[in-house]
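Note sheet for the following structure.
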Amino acid sequence: MFFLCLFLFMVSNHKIYGQKIGIETNALYMATSTPNIGLTFRLSNHSSLSLLGGYNPWEFNSNRTNSLDNKIKPKIKHWLVKPEYKYWFCKTYEQFYLGIHALYGDYDIEGISLLSKNLKNARYDGYTVGGGLSMGYQWALGKHWGLETSVGFGYLYLKFSKYEAGSLGKELVEKVKNYVGPTGAAISFIYYFN
């Protein structure tokens with residue numbers, strides 16, 4: 001079977017183009033102390049598919065305790081997976097594009113007052129799933145390098161449990177929320193393999 005396929009490939013009159021593959025990282029996501037990496041694949045002259053993943057395992061030092069003398073550990077622990085299809089108006093990986101994305105993430109957030117006053121004295125543990133539309137622009141920085149900026153807007157379904165802050169915090173409530181609004185922003189650096 002292998003030799004038959006090889007023979008058909010060699011006698012075929014079709015031109016075959018190498019698929020461009022890139023590896024990327026979102027600097028804005030990295031600024032939240034979240035390591036992330038993505039792969040992007042050229043599908044045609046005007047389309048690509050990318051998959052981004054991020055993971056934040058960090059807990060921050062704190063001497064704070066709640067009213068029950070439970071130690072509060074500020075954290076933004078989470079992981080996220082985001083596939084995205086992009087249609088490029090010029091050529092793939094050049095200039096302006098529109099995209100459609102999906103995402104899934106799992107989180108455990110506690111004691112972070114800069115995000116919301118509700119997070120300062122509570123812990124939220126849950127997941128989110130959703131998707132939306134995106135638009136972006138890419139600049140070539142050299143033969144193998146690119147810089148891409150993008151924004152996304154869409155819908156997220158969030159299911160989470162709210163706990164009292166602290167290591168012994170009891171569950172207060174389980175909630176489901178529907179969110180419509182921004183679903184992402186990126187300033188990404190990309191390295192392309194030919």
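Ordering of the structure tokens sets the chain letters (A, B, ...), residue numbers begin anew at 1 in every chain, and ligands are numbered from 1 in the order given.
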
Task: Shell around range 83-97 of chain A at 7 Å using only C-alpha atoms, local window under 4 positions removed, as an NGL selection string - done: :A and (42 or 45-52 or 101-103 or 135-139)

Task: Backbone DSSP call of strand (DSSP E or B) for range 25-163 of chain A, listed as a VMD selection string - done: chain A and resid 25 to 26 36 to 42 47 to 56 59 65 71 75 to 88 91 94 to 110 122 to 140 145 to 163

- [ ] Have a look at CA of Gly132 in chain A and CA of Ser161 in chain A and let me know their distance in Å, one decimal.
- [x] 24.7 Å

Open item on the list: Quick one: residues within 6 Å of Leu80 in chain A, only C-alpha atoms, excluding same-chain residues fewer than 3 positions away - as a list in words?
Closed with: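 The residues satisfying every condition are Gly53, Gly54, Tyr104 and Gly105 of chain A.
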
Restricting the output to N, CA and C atoms, write the selected residues as a JSON list (two decimals), in the first residue's frame.
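Wrote part-v8.json, looks like this:
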[["chain", "number", "residue", "atom", "x", "y", "z"],
["A", 53, "GLY", "N", -2.55, 27.25, 24.12],
["A", 53, "GLY", "CA", -2.78, 26.71, 25.45],
["A", 53, "GLY", "C", -1.99, 27.50, 26.47],
["A", 54, "GLY", "N", -2.58, 27.70, 27.64],
["A", 54, "GLY", "CA", -1.90, 28.40, 28.71],
["A", 54, "GLY", "C", -2.14, 27.71, 30.04],
["A", 104, "TYR", "N", -11.95, 26.67, 26.17],
["A", 104, "TYR", "CA", -12.32, 25.96, 27.38],
["A", 104, "TYR", "C", -11.25, 26.24, 28.42],
["A", 105, "GLY", "N", -11.68, 26.52, 29.64],
["A", 105, "GLY", "CA", -10.72, 26.77, 30.71],
["A", 105, "GLY", "C", -11.24, 26.31, 32.06]]

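Rounded to one decimal, CA of Phe153 in chain A and CA of Leu133 in chain A lie 5.5 Å from each other.
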
Task: For Tyr157 in chain A, the nearest of the candidates A:Val180, A:Leu28, A:Ala140, A:Leu172, counting only C-alpha atoms - done: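 Of the candidates, the smallest distance to Tyr157 in chain A is held by A:Val180.
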
Task: Among listed residues A:Ile109, A:Lys82, A:Lys143, A:Lys77, nearest Tyr192 in chain A (using only C-alpha atoms) - done: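 Using only C-alpha atoms, the shortest distance to Tyr192 in chain A belongs to A:Lys143.
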
In range 18-185 of chain A, what's helix (DSSP H, G or I) per DSSP? Answer as a PDB file with N, CA, C and O atoms, in the first residue's frame?
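See result31.pdb below for the written result:
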ATOM      1  N   ALA A  27       2.122  37.690  24.398  1.00  0.00           N
ATOM      2  CA  ALA A  27       2.829  38.486  25.404  1.00  0.00           C
ATOM      3  C   ALA A  27       1.866  39.063  26.448  1.00  0.00           C
ATOM      4  O   ALA A  27       2.236  39.196  27.617  1.00  0.00           O
ATOM      5  N   LEU A  28       0.634  39.397  26.062  1.00  0.00           N
ATOM      6  CA  LEU A  28      -0.329  39.908  27.041  1.00  0.00           C
ATOM      7  C   LEU A  28      -0.708  38.837  28.053  1.00  0.00           C
ATOM      8  O   LEU A  28      -0.840  39.102  29.250  1.00  0.00           O
ATOM      9  N   TYR A  29      -0.884  37.624  27.604  1.00  0.00           N
ATOM     10  CA  TYR A  29      -1.197  36.504  28.486  1.00  0.00           C
ATOM     11  C   TYR A  29       0.001  36.199  29.392  1.00  0.00           C
ATOM     12  O   TYR A  29      -0.136  35.899  30.568  1.00  0.00           O
ATOM     13  N   MET A  30       1.207  36.309  28.825  1.00  0.00           N
ATOM     14  CA  MET A  30       2.428  36.098  29.598  1.00  0.00           C
ATOM     15  C   MET A  30       2.549  37.161  30.701  1.00  0.00           C
ATOM     16  O   MET A  30       3.047  36.878  31.786  1.00  0.00           O
ATOM     17  N   LYS A 117     -13.178  43.348  43.856  1.00  0.00           N
ATOM     18  CA  LYS A 117     -13.259  43.322  45.322  1.00  0.00           C
ATOM     19  C   LYS A 117     -13.918  42.030  45.811  1.00  0.00           C
ATOM     20  O   LYS A 117     -13.678  41.589  46.929  1.00  0.00           O
ATOM     21  N   ASN A 118     -14.742  41.389  44.983  1.00  0.00           N
ATOM     22  CA  ASN A 118     -15.360  40.108  45.347  1.00  0.00           C
ATOM     23  C   ASN A 118     -14.327  38.992  45.482  1.00  0.00           C
ATOM     24  O   ASN A 118     -14.538  38.036  46.225  1.00  0.00           O
ATOM     25  N   LEU A 119     -13.207  39.091  44.750  1.00  0.00           N
ATOM     26  CA  LEU A 119     -12.189  38.049  44.797  1.00  0.00           C
ATOM     27  C   LEU A 119     -11.275  38.167  46.011  1.00  0.00           C
ATOM     28  O   LEU A 119     -10.578  37.225  46.366  1.00  0.00           O
ATOM     29  N   LYS A 120     -11.274  39.305  46.660  1.00  0.00           N
ATOM     30  CA  LYS A 120     -10.358  39.525  47.775  1.00  0.00           C
ATOM     31  C   LYS A 120     -10.662  38.599  48.954  1.00  0.00           C
ATOM     32  O   LYS A 120      -9.752  38.086  49.601  1.00  0.00           O
TER      33      LYS A 120
END

Task: Shell of 6 Å around Asp125 in chain A, only C-alpha atoms, local chain residues under 2 positions omitted, as a ChimeraX atom specification - done: /A:107-108,160-161

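If you count only C-alpha atoms and ignore residues fewer than 3 places along the chain from Val173 in chain A, what sits within 12 Å of it is Ala122, Arg123, Tyr124, Asp125, Gly126, Lys159, Phe160, Ser161, Lys162, Tyr163, Glu164, Gly169, Lys170 and Val176 of chain A.
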
Pull N, CA and C atoms from the residues just selected and write them as a PDB file, in the first residue's frame.
ATOM      1  N   ALA A 122     -12.887  35.812  48.883  1.00  0.00           N
ATOM      2  CA  ALA A 122     -13.582  34.588  48.482  1.00  0.00           C
ATOM      3  C   ALA A 122     -12.700  33.805  47.511  1.00  0.00           C
ATOM      4  N   ARG A 123     -13.064  32.546  47.317  1.00  0.00           N
ATOM      5  CA  ARG A 123     -12.371  31.695  46.345  1.00  0.00           C
ATOM      6  C   ARG A 123     -13.406  31.177  45.349  1.00  0.00           C
ATOM      7  N   TYR A 124     -13.048  31.211  44.079  1.00  0.00           N
ATOM      8  CA  TYR A 124     -13.920  30.741  43.011  1.00  0.00           C
ATOM      9  C   TYR A 124     -13.235  29.580  42.300  1.00  0.00           C
ATOM     10  N   ASP A 125     -13.945  28.460  42.185  1.00  0.00           N
ATOM     11  CA  ASP A 125     -13.408  27.267  41.547  1.00  0.00           C
ATOM     12  C   ASP A 125     -14.427  26.791  40.517  1.00  0.00           C
ATOM     13  N   GLY A 126     -14.027  26.733  39.239  1.00  0.00           N
ATOM     14  CA  GLY A 126     -14.981  26.324  38.225  1.00  0.00           C
ATOM     15  C   GLY A 126     -14.363  26.197  36.851  1.00  0.00           C
ATOM     16  N   LYS A 159     -19.428  28.116  35.005  1.00  0.00           N
ATOM     17  CA  LYS A 159     -20.022  27.384  36.108  1.00  0.00           C
ATOM     18  C   LYS A 159     -18.965  27.303  37.205  1.00  0.00           C
ATOM     19  N   PHE A 160     -19.312  27.746  38.418  1.00  0.00           N
ATOM     20  CA  PHE A 160     -18.320  27.793  39.475  1.00  0.00           C
ATOM     21  C   PHE A 160     -18.972  27.669  40.848  1.00  0.00           C
ATOM     22  N   SER A 161     -18.130  27.330  41.809  1.00  0.00           N
ATOM     23  CA  SER A 161     -18.528  27.332  43.213  1.00  0.00           C
ATOM     24  C   SER A 161     -17.785  28.454  43.902  1.00  0.00           C
ATOM     25  N   LYS A 162     -18.477  29.174  44.787  1.00  0.00           N
ATOM     26  CA  LYS A 162     -17.869  30.238  45.566  1.00  0.00           C
ATOM     27  C   LYS A 162     -17.660  29.708  46.983  1.00  0.00           C
ATOM     28  N   TYR A 163     -16.447  29.885  47.504  1.00  0.00           N
ATOM     29  CA  TYR A 163     -16.087  29.425  48.835  1.00  0.00           C
ATOM     30  C   TYR A 163     -15.656  30.613  49.687  1.00  0.00           C
ATOM     31  N   GLU A 164     -15.723  30.466  51.003  1.00  0.00           N
ATOM     32  CA  GLU A 164     -15.085  31.428  51.889  1.00  0.00           C
ATOM     33  C   GLU A 164     -13.593  31.378  51.608  1.00  0.00           C
ATOM     34  N   GLY A 169     -12.097  27.169  53.904  1.00  0.00           N
ATOM     35  CA  GLY A 169     -13.339  27.861  53.539  1.00  0.00           C
ATOM     36  C   GLY A 169     -14.435  26.914  53.092  1.00  0.00           C
ATOM     37  N   LYS A 170     -15.646  27.118  53.602  1.00  0.00           N
ATOM     38  CA  LYS A 170     -16.759  26.256  53.208  1.00  0.00           C
ATOM     39  C   LYS A 170     -17.430  26.808  51.956  1.00  0.00           C
ATOM     40  N   VAL A 176     -24.082  29.601  37.982  1.00  0.00           N
ATOM     41  CA  VAL A 176     -23.880  29.557  36.535  1.00  0.00           C
ATOM     42  C   VAL A 176     -24.080  30.977  36.033  1.00  0.00           C
TER      43      VAL A 176
END
